[in-house]
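Here is the file start-v9.txt (compact mmCIF, C-alpha atoms).
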```
# COMPACT_ATOMS: atom_id res chain seq x y z
CA MET P 1 3.82 11.58 14.39
CA ALA P 2 1.86 10.97 11.20
CA LYS P 3 -0.68 8.27 11.87
CA ILE P 4 -3.00 6.69 9.38
CA LYS P 5 -6.38 8.17 10.13
CA ILE P 6 -8.84 5.59 11.33
CA GLU P 7 -11.70 7.49 9.64
CA ASP P 8 -9.92 7.15 6.30
CA LEU P 9 -9.59 3.40 6.74
CA LYS P 10 -13.25 3.18 7.79
CA LYS P 11 -14.30 5.09 4.66
CA ILE P 12 -12.45 2.61 2.45
CA LYS P 13 -13.96 -0.26 4.43
CA ASP P 14 -17.52 0.94 3.86
CA LYS P 15 -16.85 1.60 0.19
CA VAL P 16 -15.33 -1.85 -0.40
CA LYS P 17 -18.26 -3.50 1.34
CA ALA P 18 -20.75 -1.63 -0.86
CA GLU P 19 -18.81 -2.57 -3.99
CA THR P 20 -18.32 -6.26 -3.24
CA SER P 21 -22.00 -6.74 -2.57
CA LEU P 22 -22.69 -5.59 -6.13
CA ARG P 23 -20.15 -7.77 -7.82
CA ALA P 24 -19.50 -11.47 -7.69
CA GLY P 25 -16.56 -13.46 -9.03
CA ASP P 26 -13.76 -10.93 -8.86
CA ARG P 27 -10.13 -11.64 -9.78
CA ARG P 28 -10.28 -11.62 -13.53
CA VAL P 29 -6.61 -10.78 -14.04
CA LYS P 30 -3.46 -11.56 -12.09
CA VAL P 31 -0.35 -9.52 -12.79
CA THR P 32 2.96 -10.75 -11.43
CA VAL P 33 5.87 -8.34 -11.26
CA HIS P 34 9.19 -10.16 -11.12
CA MET P 35 10.90 -8.73 -8.06
CA GLY P 36 14.31 -10.42 -7.92
CA THR P 37 17.56 -8.49 -7.44
CA CYS P 38 17.83 -8.15 -11.22
CA GLY P 39 14.26 -6.90 -11.54
CA ILE P 40 14.61 -4.38 -8.73
CA ALA P 41 17.92 -3.09 -10.08
CA SER P 42 16.37 -2.46 -13.50
CA GLY P 43 13.19 -0.73 -12.33
CA ALA P 44 10.59 -3.32 -11.24
CA ARG P 45 9.59 -1.20 -8.24
CA GLU P 46 8.62 1.77 -10.42
CA VAL P 47 6.77 -0.54 -12.81
CA MET P 48 4.79 -2.05 -9.95
CA ASN P 49 3.97 1.37 -8.54
CA ALA P 50 2.76 2.56 -11.94
CA LEU P 51 0.53 -0.52 -12.11
CA ILE P 52 -0.92 0.07 -8.63
CA THR P 53 -1.64 3.70 -9.55
CA GLU P 54 -3.33 2.65 -12.82
CA ILE P 55 -5.56 0.17 -10.98
CA GLU P 56 -6.43 2.78 -8.37
CA GLU P 57 -7.25 5.45 -10.94
CA SER P 58 -9.30 3.21 -13.22
CA ASN P 59 -11.36 1.95 -10.28
CA VAL P 60 -11.24 -1.73 -11.27
CA SER P 61 -11.36 -4.31 -8.50
CA ASP P 62 -10.84 -7.51 -10.46
CA VAL P 63 -7.11 -7.09 -11.13
CA ILE P 64 -4.75 -8.44 -8.50
CA VAL P 65 -1.06 -7.70 -8.28
CA THR P 66 1.59 -9.96 -6.88
CA THR P 67 5.36 -10.36 -6.98
CA SER P 68 7.68 -13.25 -7.73
CA GLY P 69 11.40 -13.84 -7.90
CA CYS P 70 13.77 -14.08 -10.81
CA MET P 71 13.20 -16.71 -13.50
CA GLY P 72 16.73 -16.61 -14.89
CA LEU P 73 16.35 -14.12 -17.73
CA CYS P 74 17.90 -11.27 -15.76
CA SER P 75 19.03 -9.33 -18.84
CA ARG P 76 15.43 -8.87 -19.97
CA GLU P 77 14.13 -7.40 -16.71
CA PRO P 78 11.87 -5.77 -15.66
CA GLU P 79 9.48 -8.54 -16.58
CA ILE P 80 5.82 -8.97 -15.75
CA THR P 81 3.39 -11.83 -16.32
CA VAL P 82 -0.21 -11.02 -17.21
CA GLU P 83 -2.66 -13.85 -16.61
CA ILE P 84 -6.20 -13.25 -17.76
CA MET P 85 -8.61 -15.97 -16.61
CA GLU P 86 -8.80 -18.88 -19.04
CA GLN P 87 -6.15 -17.40 -21.31
CA GLU P 88 -2.52 -18.26 -21.77
CA PRO P 89 -0.24 -16.12 -19.56
CA ILE P 90 1.83 -13.50 -21.37
CA ILE P 91 5.29 -12.51 -20.13
CA TYR P 92 6.42 -9.00 -21.06
CA GLU P 93 10.08 -7.96 -21.09
CA TYR P 94 12.01 -4.67 -20.71
CA MET P 95 9.09 -2.98 -18.97
CA ASP P 96 9.04 0.60 -17.83
CA THR P 97 6.32 2.83 -16.41
CA ASN P 98 5.05 3.92 -19.84
CA LYS P 99 4.91 0.40 -21.23
CA MET P 100 3.21 -0.69 -18.02
CA ARG P 101 0.46 1.91 -18.49
CA GLN P 102 0.02 0.82 -22.12
CA VAL P 103 -0.20 -2.87 -21.19
CA PHE P 104 -2.69 -2.03 -18.44
CA LYS P 105 -4.98 0.00 -20.69
CA ARG P 106 -4.76 -2.11 -23.85
CA HIS P 107 -4.15 -5.66 -22.64
CA ILE P 108 -5.49 -5.88 -19.10
CA LEU P 109 -8.56 -3.72 -19.70
CA ASN P 110 -9.20 -4.31 -23.43
CA GLY P 111 -7.66 -7.72 -24.04
CA GLU P 112 -5.23 -6.68 -26.80
CA VAL P 113 -1.86 -8.35 -26.28
CA GLN P 114 0.91 -5.78 -26.79
CA ALA P 115 3.03 -7.90 -29.12
CA PRO P 116 6.12 -5.63 -29.37
CA PHE P 117 6.86 -6.07 -25.64
CA VAL P 118 6.12 -9.78 -25.37
CA LEU P 119 8.93 -12.08 -24.24
CA ALA P 120 7.00 -15.33 -24.22
CA LYS P 121 3.65 -17.02 -23.84
CA GLY P 122 3.02 -19.54 -21.12
CA ALA P 123 3.47 -19.95 -17.40
CA GLU P 124 6.67 -18.88 -15.75
CA ARG P 125 8.72 -21.05 -13.52
CA THR P 126 10.73 -19.54 -10.74
CA LYS P 127 12.83 -21.93 -8.71
CA MET G 11 21.17 -0.71 -7.45
CA LEU G 12 21.55 3.00 -6.73
CA GLU G 13 19.27 3.65 -3.78
CA LEU G 14 19.28 2.20 -0.28
CA SER G 15 15.51 1.74 -0.43
CA MET G 16 16.01 -0.62 -3.41
CA HIS G 17 18.46 -2.74 -1.42
CA ILE G 18 15.93 -2.82 1.42
CA LEU G 19 13.22 -4.06 -0.95
CA ASP G 20 15.59 -6.71 -2.28
CA ILE G 21 16.66 -8.01 1.13
CA ALA G 22 13.05 -8.00 2.37
CA GLU G 23 12.17 -10.15 -0.66
CA ASN G 24 14.70 -12.68 0.69
CA SER G 25 12.78 -12.68 4.00
CA ILE G 26 9.56 -13.34 2.11
CA ARG G 27 11.11 -16.32 0.26
CA ALA G 28 12.23 -17.59 3.68
CA ARG G 29 8.53 -17.67 4.67
CA ALA G 30 8.72 -14.87 7.21
CA LYS G 31 5.49 -13.81 8.91
CA LEU G 32 6.82 -10.51 10.19
CA VAL G 33 9.55 -8.43 8.58
CA LYS G 34 10.94 -5.54 10.61
CA ILE G 35 12.68 -2.78 8.72
CA SER G 36 14.42 -0.31 10.92
CA ILE G 37 16.41 2.72 9.79
CA VAL G 38 18.35 4.86 12.23
CA GLU G 39 19.96 8.11 11.15
CA ASP G 40 22.28 9.67 13.69
CA SER G 41 24.01 12.85 12.61
CA ALA G 42 25.99 13.25 15.87
CA LYS G 43 27.65 9.88 15.33
CA ASP G 44 27.59 10.37 11.54
CA ARG G 45 25.92 7.03 11.16
CA PHE G 46 23.19 5.59 8.96
CA SER G 47 22.01 2.09 9.91
CA ILE G 48 19.57 -0.22 8.23
CA ALA G 49 18.33 -3.40 9.88
CA ILE G 50 16.09 -5.98 8.22
CA ILE G 51 14.95 -8.57 10.72
CA ASP G 52 12.68 -11.48 9.86
CA ASP G 53 11.22 -14.50 11.59
CA GLY G 54 11.64 -16.78 8.58
CA GLU G 55 13.45 -20.07 8.21
CA GLY G 56 16.92 -18.70 8.82
CA MET G 57 20.02 -20.40 7.46
CA ASN G 58 22.44 -23.00 8.73
CA ARG G 59 26.03 -21.97 9.38
CA ASP G 60 27.30 -23.41 6.12
CA THR G 61 24.84 -21.37 4.04
CA ALA G 62 25.25 -18.27 6.20
CA ASN G 63 29.00 -18.29 5.55
CA LYS G 64 28.43 -18.18 1.80
CA VAL G 65 25.69 -15.55 1.45
CA LEU G 66 28.11 -12.70 0.80
CA ASP G 67 29.74 -14.65 -2.02
CA PRO G 68 28.21 -13.40 -5.31
CA PHE G 69 28.65 -16.82 -6.87
CA PHE G 70 26.51 -18.48 -4.25
CA THR G 71 22.73 -18.75 -4.54
CA THR G 72 20.10 -21.21 -3.37
CA ARG G 73 18.26 -20.86 -6.65
CA LYS G 74 18.47 -23.14 -9.65
CA VAL G 75 17.67 -20.74 -12.49
CA ARG G 76 21.02 -18.92 -12.45
CA ASN G 77 24.44 -19.19 -10.87
CA VAL G 78 24.76 -15.85 -9.12
CA GLY G 79 23.14 -14.33 -6.05
CA LEU G 80 23.82 -10.62 -5.90
CA GLY G 81 21.36 -9.19 -3.40
CA LEU G 82 23.47 -9.31 -0.24
CA PRO G 83 26.84 -8.81 -2.01
CA LEU G 84 25.55 -5.61 -3.63
CA PHE G 85 24.21 -4.36 -0.30
CA GLU G 86 27.50 -5.16 1.40
CA HIS G 87 29.36 -3.36 -1.36
CA ALA G 88 27.15 -0.28 -0.89
CA ALA G 89 27.97 -0.30 2.85
CA LYS G 90 31.71 -0.80 2.40
CA THR G 91 31.95 1.93 -0.22
CA ALA G 92 30.41 4.34 2.28
CA GLY G 93 32.81 3.58 5.12
CA GLY G 94 30.54 0.99 6.70
CA HIS G 95 29.98 -2.73 6.86
CA LEU G 96 27.30 -5.38 6.69
CA SER G 97 26.62 -8.32 8.96
CA VAL G 98 24.25 -11.25 8.76
CA LYS G 99 23.12 -13.05 11.91
CA THR G 100 21.08 -16.16 11.39
CA GLU G 101 20.36 -19.65 12.63
CA THR G 102 18.15 -22.40 11.26
CA GLY G 103 14.60 -21.74 12.45
CA GLU G 104 15.58 -18.49 14.14
CA GLY G 105 15.09 -16.00 11.33
CA THR G 106 17.66 -13.71 9.79
CA HIS G 107 18.98 -10.35 10.90
CA VAL G 108 20.76 -8.22 8.29
CA LEU G 109 22.45 -5.08 9.56
CA ALA G 110 24.12 -2.55 7.27
CA GLN G 111 25.92 0.51 8.52
CA PHE G 112 27.08 3.52 6.55
CA MET G 113 28.88 6.74 7.26
CA HIS G 114 26.00 9.22 7.00
CA SER G 115 27.98 12.03 5.37
CA HIS G 116 30.11 9.81 3.14
CA ILE G 117 30.13 11.12 -0.43
CA ASP G 118 29.60 7.61 -1.77
CA ARG G 119 26.70 6.77 0.51
CA GLN G 120 23.77 6.03 -1.74
CA PRO G 121 20.67 8.18 -1.24
CA LEU G 122 17.77 6.59 0.59
CA GLY G 123 15.40 6.88 -2.36
CA SER G 124 11.72 6.23 -2.00
CA MET G 125 10.84 4.24 1.11
CA SER G 126 7.15 4.85 0.44
CA GLU G 127 7.44 2.94 -2.84
CA THR G 128 9.48 0.15 -1.26
CA ILE G 129 7.00 -0.40 1.57
CA THR G 130 3.88 -0.20 -0.63
CA VAL G 131 5.36 -2.67 -3.12
CA LEU G 132 6.16 -5.08 -0.26
CA ILE G 133 2.64 -4.81 1.17
CA ALA G 134 0.95 -5.01 -2.24
CA GLY G 135 2.81 -8.17 -3.23
CA ASN G 136 2.57 -9.85 0.17
CA PRO G 137 -0.69 -8.97 1.91
CA ASP G 138 -0.40 -11.94 4.29
CA ILE G 139 2.97 -10.88 5.66
CA ASP G 140 3.28 -8.16 8.28
CA PHE G 141 5.75 -5.31 8.03
CA LEU G 142 6.96 -3.06 10.79
CA TYR G 143 8.81 -0.04 9.46
CA THR G 144 10.46 2.33 11.90
CA HIS G 145 12.58 5.29 10.90
CA LYS G 146 14.50 7.29 13.47
CA ASN G 147 16.09 10.59 12.60
CA ASP G 148 18.08 12.06 15.51
CA GLY G 149 15.45 10.97 18.02
CA ARG G 150 12.37 11.72 15.94
CA ILE G 151 10.52 8.55 15.00
CA PHE G 152 8.10 7.45 12.30
CA THR G 153 6.43 4.04 12.60
CA LEU G 154 4.19 2.07 10.29
CA ASP G 155 2.84 -1.29 11.46
CA THR G 156 0.67 -3.28 9.07
CA ARG G 157 -0.76 -5.23 12.03
CA ASP G 158 -2.41 -2.03 13.32
CA ILE G 159 -3.77 -1.20 9.87
CA LYS G 160 -5.16 -4.72 9.36
CA LYS G 161 -6.92 -4.55 12.72
CA GLU G 162 -8.79 -1.44 11.58
CA LEU G 163 -9.52 -2.81 8.13
CA GLU G 164 -11.06 -6.06 9.42
CA ASP G 165 -11.99 -8.06 6.29
CA VAL G 166 -10.91 -5.50 3.71
CA PRO G 167 -7.63 -6.68 2.15
CA ILE G 168 -4.63 -4.48 2.91
CA ASN G 169 -3.60 -4.67 -0.75
CA ASN G 170 -6.74 -2.81 -1.81
CA THR G 171 -5.34 -0.04 -4.01
CA GLU G 172 -7.02 2.74 -2.02
CA VAL G 173 -5.50 1.43 1.19
CA LEU G 174 -2.11 1.25 -0.54
CA LYS G 175 -2.45 4.84 -1.67
CA LEU G 176 -3.27 5.90 1.90
CA ILE G 177 -0.24 3.99 3.23
CA LYS G 178 2.03 5.57 0.61
CA GLU G 179 0.85 9.06 1.46
CA ASN G 180 1.16 8.34 5.18
CA ILE G 181 4.82 7.30 4.76
CA GLU G 182 5.59 10.38 2.65
CA GLU G 183 3.97 12.64 5.21
CA GLY G 184 5.49 10.84 8.19
CA LEU G 185 9.03 10.94 6.80
CA ASN G 186 8.59 14.59 5.94
CA GLU G 187 7.57 15.30 9.54
CA ILE G 188 10.74 13.76 10.94
CA GLY G 189 12.87 15.63 8.41
CA ILE G 190 13.58 12.84 5.90
CA LYS G 191 13.46 13.48 2.20
CA ASN G 192 11.65 10.51 0.74
CA ASN G 193 13.20 10.73 -2.70
CA GLY G 194 16.79 11.62 -2.18
```
Here is a file; write its structure as structure tokens.
Amino acid sequence: MAKIKIEDLKKIKDKVKAETSLRAGDRRVKVTVHMGTCGIASGAREVMNALITEIEESNVSDVIVTTSGCMGLCSREPEITVEIMEQEPIIYEYMDTNKMRQVFKRHILNGEVQAPFVLAKGAERTK
Amino acid sequence: MLELSMHILDIAENSIRARAKLVKISIVEDSAKDRFSIAIIDDGEGMNRDTANKVLDPFFTTRKVRNVGLGLPLFEHAAKTAGGHLSVKTETGEGTHVLAQFMHSHIDRQPLGSMSETITVLIAGNPDIDFLYTHKNDGRIFTLDTRDIKKELEDVPINNTEVLKLIKENIEEGLNEIGIKNNG
């Protein structure tokens, strides 16, 4: 049976320890992928996977990813919320893997809001 | 919703909203009995009988932002279309147990899709919750238990992207070893 190799986990552990000792105050950006039934049905899982891959490949450690439920605008899914510290959150609509990569590179890394995909500014409410 | 792994992600999200600490996802494929079963078992809040009776009604939801709740109805529909059925066992404070059964060879049975993506997305979004994924294919078993991984990682978060990549590859490899195609 395929088992996760303990050496591999140890390698990551040592690397993370070395990195965190160099850097203080992580968590610059929080990205929330809306993962309700509507989001999942329209491709939120692929969007989130593209985001995880982008983070992994760009080697940044100050971007955290989380999921939330549906906020009632099911027809505009997949939606994501990008919250950069001390800035107003931006909600993007109709996301796909390509748009996700663009938002990651231009907005999350360079701070340029990708206006054509924006649904709204401001915090989301999911109840 | 065109893949079983998407339904699994969706139902597991319900468990997370019900404040589960451990979500068990168990898939059993049995070609001799021509059966494909999916169980999602959580230790969350559970539901009272009144709510439990309404969960398969698409016009019932506990949420306030919209008037429909399609997760379980869509999953039930997928099971029924493939000669199977879906049952929900729950009690307040006792967690929820969703079991869906399909005819394995049924032409309308949805493909499994990518379990590696479903599990990594669940772990990435919910690092504090534990997931136990077991997949049996005619007696051959693959298991992934986040509790074991966390023990090895100590204070490194499980949602570290390198760890997630390792988990994803491990699931792909593990499913391949027991003869499951991860994407179809």
*asked:* I need the residue nearest Gly69 in chain P from this list: G:His116, G:Met11, G:Val75, G:Asn169. Use all atoms listed in the file for the distance.
replied: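 Ranked by minimum distance to Gly69 in chain P, first place goes to G:Val75.
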Centre and edge lengths of an axis-aligned box around all listed atoms of range 73-92 of chain G, with 4 Å added on each side, are to be given in Å to one decimal, as AutoDock Vina command-line options.
```
--center_x 24.8 --center_y -9.4 --center_z -4.8 --size_x 22.3 --size_y 35.5 --size_z 23.3
```
_Proximal residues of chain P relative to chain G (all atoms listed in the file; 7 Å) as a list in words_ =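 Residues passing the distance filter: Met1, Ala2, Lys3, Ile4, Leu9, Lys13, Gly36, Thr37, Ile40, Ala41, Arg45, Met48, Asn49, Ile52, Ile55, Glu56, Val65, Thr66, Thr67, Met71, Gly72 and Lys127 of chain P.
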_Atomic distance CA of Val60 in chain P - CA of Lys121 in chain P, expressed in Å with one decimal_ =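 Between these atoms lies a distance of 24.8 Å.
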Exercise: Glu93 in chain P partners within 10 Å, only C-alpha atoms, chain neighbours under 6 positions left out, as a tab-separated table (two decimals) with C-alpha atoms, in the frame of the given file:
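The new file result-v3.tsv reads:
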```tsv
chain	number	residue	atom	x	y	z
P	73	LEU	CA	16.35	-14.12	-17.73
P	75	SER	CA	19.03	-9.33	-18.84
P	76	ARG	CA	15.43	-8.87	-19.97
P	77	GLU	CA	14.13	-7.40	-16.71
P	78	PRO	CA	11.87	-5.77	-15.66
P	79	GLU	CA	9.48	-8.54	-16.58
P	80	ILE	CA	5.82	-8.97	-15.75
P	81	THR	CA	3.39	-11.83	-16.32
P	99	LYS	CA	4.91	0.40	-21.23
P	116	PRO	CA	6.12	-5.63	-29.37
P	117	PHE	CA	6.86	-6.07	-25.64
P	118	VAL	CA	6.12	-9.78	-25.37
P	119	LEU	CA	8.93	-12.08	-24.24
P	120	ALA	CA	7.00	-15.33	-24.22
```
*Take CA of Asp14 in chain P and CA of Lys30 in chain P and report the distance between them in Å, one decimal.*
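The value is 24.7 Å.
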*Rounded to one decimal in Å, what is the spacing between CA of Thr106 in chain G and CA of Lys191 in chain G?*
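Result for CA of Thr106 in chain G versus CA of Lys191 in chain G: 28.5 Å, one decimal.
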*asked:* Please list as a list in words every residue within 10 Å of range 92-95 of chain G, counting all atoms listed in the file and excluding residues in the same chain fewer than 4 positions away.
replied: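 Non-adjacent residues within range: Arg45, Phe46, Ser47, Phe85, Glu86, His87, Ala88, Leu109, Ala110, Gln111, Phe112, Met113, His114, Ser115, His116, Ile117, Asp118, Arg119 and Gln120 of chain G.
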